[in-house]
Amino acid sequence: MIKNSLIALVLASFVFMFFHLYMSYEPKTELSGIAAHYAEKGAAEVGAANLVTAVVVTYRGFDTIGEVTILFLTASIISFFLKLSKEDEDKVIVHRGTSELLITASQILIPIIFLFGAYVFMNGHLTPGGGFQGGAIIASGVVLSILANPNREINHNVIIWVESISGVLFVILGILGIFLAGGFLDNRFISLGEFGDLFSAGAIPIIYSLIGLKVGAEISNILDKYQKSQKES
Amino acid sequence: MNNEYIFIVLAIGIGLLAIVMAIIAILNKKLSIAVIAAGVVSLFASILFLLMAAPDVAMTEAAIGSGLSTLIFFYVLNKINKYND
């Protein structure tokens, strides 16, 4: 009884707090502080047509390194826990058979999905989307190929090398920014080019493509591990 | 003005559908239906993000929320069913 009344008391105080916050909320009519700086000077300073990308890769690039690291840790931990024993490794997945429709459609769609993923992260500085979205789209292409052929072996060497090299190059490009431009992950050591071109905004397209490859490789690795874990019986 | 009105009605309709799907996901006894309903919630959420002019978030939600996580749920479900047999 005391427990329930305490829970009710906590809930009531939450209601009071949030009601107060809600009543005192006023929508802002203009940008304030750092947001105004990004919106007004972002295009001139960074040269990216997509302001979200300018913030994610350049102004808040350090956060992006953290996010990529978290994804890497997640992939490593999943690989660690879903490790198969020696005798399970040689088994094949028993499944009900994939339909003709799925196999035919996957042959046509997988190249298009990969191409679209690459398009999304290469044009991250011009159109909505970027490394994370493009990587996820590439991983969904890998999903389709796994669904069409459940016993497909994914080449781990390719995943490991793509993932490691793009991660290392991302940090190297960031450090180059310290020496050749204003600071860590500054994109201006490559010329900014003409605003709105594919080869513009300095290092942003390169960095975002590397992030896209890294994210795609990591999520593909996670999916491959889940797929392999179906072998155990 | 008229355009704005249609936009609001559309947003509220999609939001209500998402809530209905979320309730189905919680209450349905069959796990596979619950997983699909959770994926549909993500799909409606991504449409809402698109209507609110956040295409970046919408792409992430559609690819990860309704695509990859639904698939991972199905892998885990398959595994649980194998153990239960």
# chains A, B, ... in the order shown; residues from 1 in each chain; ligands from 1
call {"tool": "interface_residues", "arguments": {"of": "chain A", "to": "chain B", "cutoff": "9 Å", "atoms": "only C-alpha atoms", "output": "PDB file with N, CA and C atoms, in the first residue's frame"}}
result
ATOM      1  N   VAL A  52      22.707  20.042 -42.673  1.00  0.00           N
ATOM      2  CA  VAL A  52      22.758  18.959 -41.678  1.00  0.00           C
ATOM      3  C   VAL A  52      24.106  18.250 -41.757  1.00  0.00           C
ATOM      4  N   PRO A 128      19.638  15.262 -48.899  1.00  0.00           N
ATOM      5  CA  PRO A 128      19.421  14.642 -47.598  1.00  0.00           C
ATOM      6  C   PRO A 128      20.034  13.253 -47.533  1.00  0.00           C
ATOM      7  N   GLY A 129      20.456  12.866 -46.355  1.00  0.00           N
ATOM      8  CA  GLY A 129      21.094  11.572 -46.174  1.00  0.00           C
ATOM      9  C   GLY A 129      22.587  11.741 -46.059  1.00  0.00           C
ATOM     10  N   GLY A 130      23.286  10.628 -45.939  1.00  0.00           N
ATOM     11  CA  GLY A 130      24.724  10.691 -45.783  1.00  0.00           C
ATOM     12  C   GLY A 130      25.260   9.328 -45.409  1.00  0.00           C
ATOM     13  N   PHE A 132      25.579   7.461 -42.658  1.00  0.00           N
ATOM     14  CA  PHE A 132      24.843   6.474 -41.870  1.00  0.00           C
ATOM     15  C   PHE A 132      23.678   5.896 -42.665  1.00  0.00           C
ATOM     16  N   GLN A 133      22.945   6.785 -43.360  1.00  0.00           N
ATOM     17  CA  GLN A 133      21.798   6.316 -44.132  1.00  0.00           C
ATOM     18  C   GLN A 133      22.247   5.439 -45.298  1.00  0.00           C
ATOM     19  N   GLY A 134      23.298   5.898 -46.015  1.00  0.00           N
ATOM     20  CA  GLY A 134      23.801   5.119 -47.140  1.00  0.00           C
ATOM     21  C   GLY A 134      24.306   3.762 -46.703  1.00  0.00           C
ATOM     22  N   ALA A 136      23.278   2.062 -44.101  1.00  0.00           N
ATOM     23  CA  ALA A 136      22.127   1.221 -43.761  1.00  0.00           C
ATOM     24  C   ALA A 136      21.460   0.691 -45.023  1.00  0.00           C
ATOM     25  N   ILE A 137      21.431   1.519 -46.094  1.00  0.00           N
ATOM     26  CA  ILE A 137      20.809   1.058 -47.348  1.00  0.00           C
ATOM     27  C   ILE A 137      21.640  -0.074 -47.956  1.00  0.00           C
ATOM     28  N   ALA A 139      23.488  -2.132 -46.286  1.00  0.00           N
ATOM     29  CA  ALA A 139      23.241  -3.310 -45.464  1.00  0.00           C
ATOM     30  C   ALA A 139      21.911  -3.957 -45.818  1.00  0.00           C
ATOM     31  N   SER A 140      20.901  -3.144 -46.215  1.00  0.00           N
ATOM     32  CA  SER A 140      19.629  -3.764 -46.582  1.00  0.00           C
ATOM     33  C   SER A 140      19.757  -4.540 -47.894  1.00  0.00           C
ATOM     34  N   VAL A 143      21.007  -7.790 -46.769  1.00  0.00           N
ATOM     35  CA  VAL A 143      19.885  -8.563 -46.224  1.00  0.00           C
ATOM     36  C   VAL A 143      19.150  -9.293 -47.335  1.00  0.00           C
ATOM     37  N   ILE A 219      27.208  -3.060 -40.226  1.00  0.00           N
ATOM     38  CA  ILE A 219      25.849  -3.609 -40.123  1.00  0.00           C
ATOM     39  C   ILE A 219      25.751  -4.918 -40.889  1.00  0.00           C
ATOM     40  N   LEU A 223      24.485  -8.544 -39.382  1.00  0.00           N
ATOM     41  CA  LEU A 223      23.453  -9.369 -40.008  1.00  0.00           C
ATOM     42  C   LEU A 223      23.994 -10.740 -40.358  1.00  0.00           C
ATOM     43  N   TYR A 226      24.019 -12.856 -37.256  1.00  0.00           N
ATOM     44  CA  TYR A 226      22.679 -13.364 -36.924  1.00  0.00           C
ATOM     45  C   TYR A 226      22.308 -14.512 -37.862  1.00  0.00           C
ATOM     46  N   GLN A 227      22.672 -14.347 -39.127  1.00  0.00           N
ATOM     47  CA  GLN A 227      22.369 -15.381 -40.104  1.00  0.00           C
ATOM     48  C   GLN A 227      23.093 -16.682 -39.740  1.00  0.00           C
ATOM     49  N   SER A 229      24.083 -17.609 -36.881  1.00  0.00           N
ATOM     50  CA  SER A 229      23.621 -18.189 -35.619  1.00  0.00           C
ATOM     51  C   SER A 229      22.422 -19.104 -35.850  1.00  0.00           C
ATOM     52  N   GLN A 230      21.797 -19.049 -37.026  1.00  0.00           N
ATOM     53  CA  GLN A 230      20.672 -19.945 -37.293  1.00  0.00           C
ATOM     54  C   GLN A 230      21.151 -21.369 -37.541  1.00  0.00           C
ATOM     55  N   GLU A 232      23.048 -23.264 -35.586  1.00  0.00           N
ATOM     56  CA  GLU A 232      23.003 -24.105 -34.385  1.00  0.00           C
ATOM     57  C   GLU A 232      21.644 -24.769 -34.262  1.00  0.00           C
ATOM     58  N   SER A 233      21.642 -26.033 -33.892  1.00  0.00           N
ATOM     59  CA  SER A 233      20.334 -26.678 -33.768  1.00  0.00           C
ATOM     60  C   SER A 233      20.149 -27.248 -32.364  1.00  0.00           C
TER      61      SER A 233
END
call {"tool": "residues_around", "arguments": {"residues": "Gly196 of chain A", "least_positions_apart": "4", "cutoff": "8 Å", "atoms": "only C-alpha atoms", "output": "list in words"}}
result
Gly47, Ala48, Ala49, Leu126 and Ser200 of chain A
call {"tool": "write_last_selection", "arguments": {"atoms": "C-alpha atoms", "output": "compact mmCIF listing (two decimals), in the first residue's frame"}}
result
# COMPACT_ATOMS: atom_id res chain seq x y z
CA GLY A 47 30.71 24.94 -48.53
CA ALA A 48 28.15 22.14 -48.09
CA ALA A 49 24.71 22.66 -49.62
CA LEU A 126 24.23 18.03 -51.43
CA SER A 200 32.93 20.55 -53.38
call {"tool": "residues_around", "arguments": {"residues": "Leu48 of chain B", "least_positions_apart": "3", "cutoff": "8 Å", "atoms": "only C-alpha atoms", "output": "ChimeraX atom specification"}}
result
/B:11,14-15,44-45,51-52,58
call {"tool": "closest_residue", "arguments": {"among": "B:Thr70, B:Asn84, B:Asn2, B:Ser42", "to": "Ala22 of chain B", "atoms": "only C-alpha atoms"}}
result
B:Ser42
call {"tool": "closest_residue", "arguments": {"among": "A:Leu11, A:Asn149, A:Lys214, A:Thr58", "to": "Gly177 of chain A", "atoms": "only C-alpha atoms"}}
result
A:Thr58
call {"tool": "residues_around", "arguments": {"residues": "Met21 of chain B", "least_positions_apart": "6", "cutoff": "9 Å", "atoms": "only C-alpha atoms", "output": "list in words"}}
result
Ala34, Ala37, Ala38, Val40 and Val41 of chain B
call {"tool": "closest_residue", "arguments": {"among": "A:Leu192, A:Met17, A:Ala217, A:Leu84", "to": "Ser164 of chain A", "atoms": "only C-alpha atoms"}}
result
A:Ala217
call {"tool": "select_by_dssp", "arguments": {"residues": "segment 39-193 of chain A", "states": "helix (DSSP H, G or I)", "output": "PyMOL selection string"}}
result
chain A and resi 39-46+51-59+61-81+86-89+100-122+131-148+156-180
call {"tool": "atom_distance", "arguments": {"atom1": "atom CA of Tyr119 of chain A", "atom2": "atom CA of Ile172 of chain A"}}
result
23.7 Å
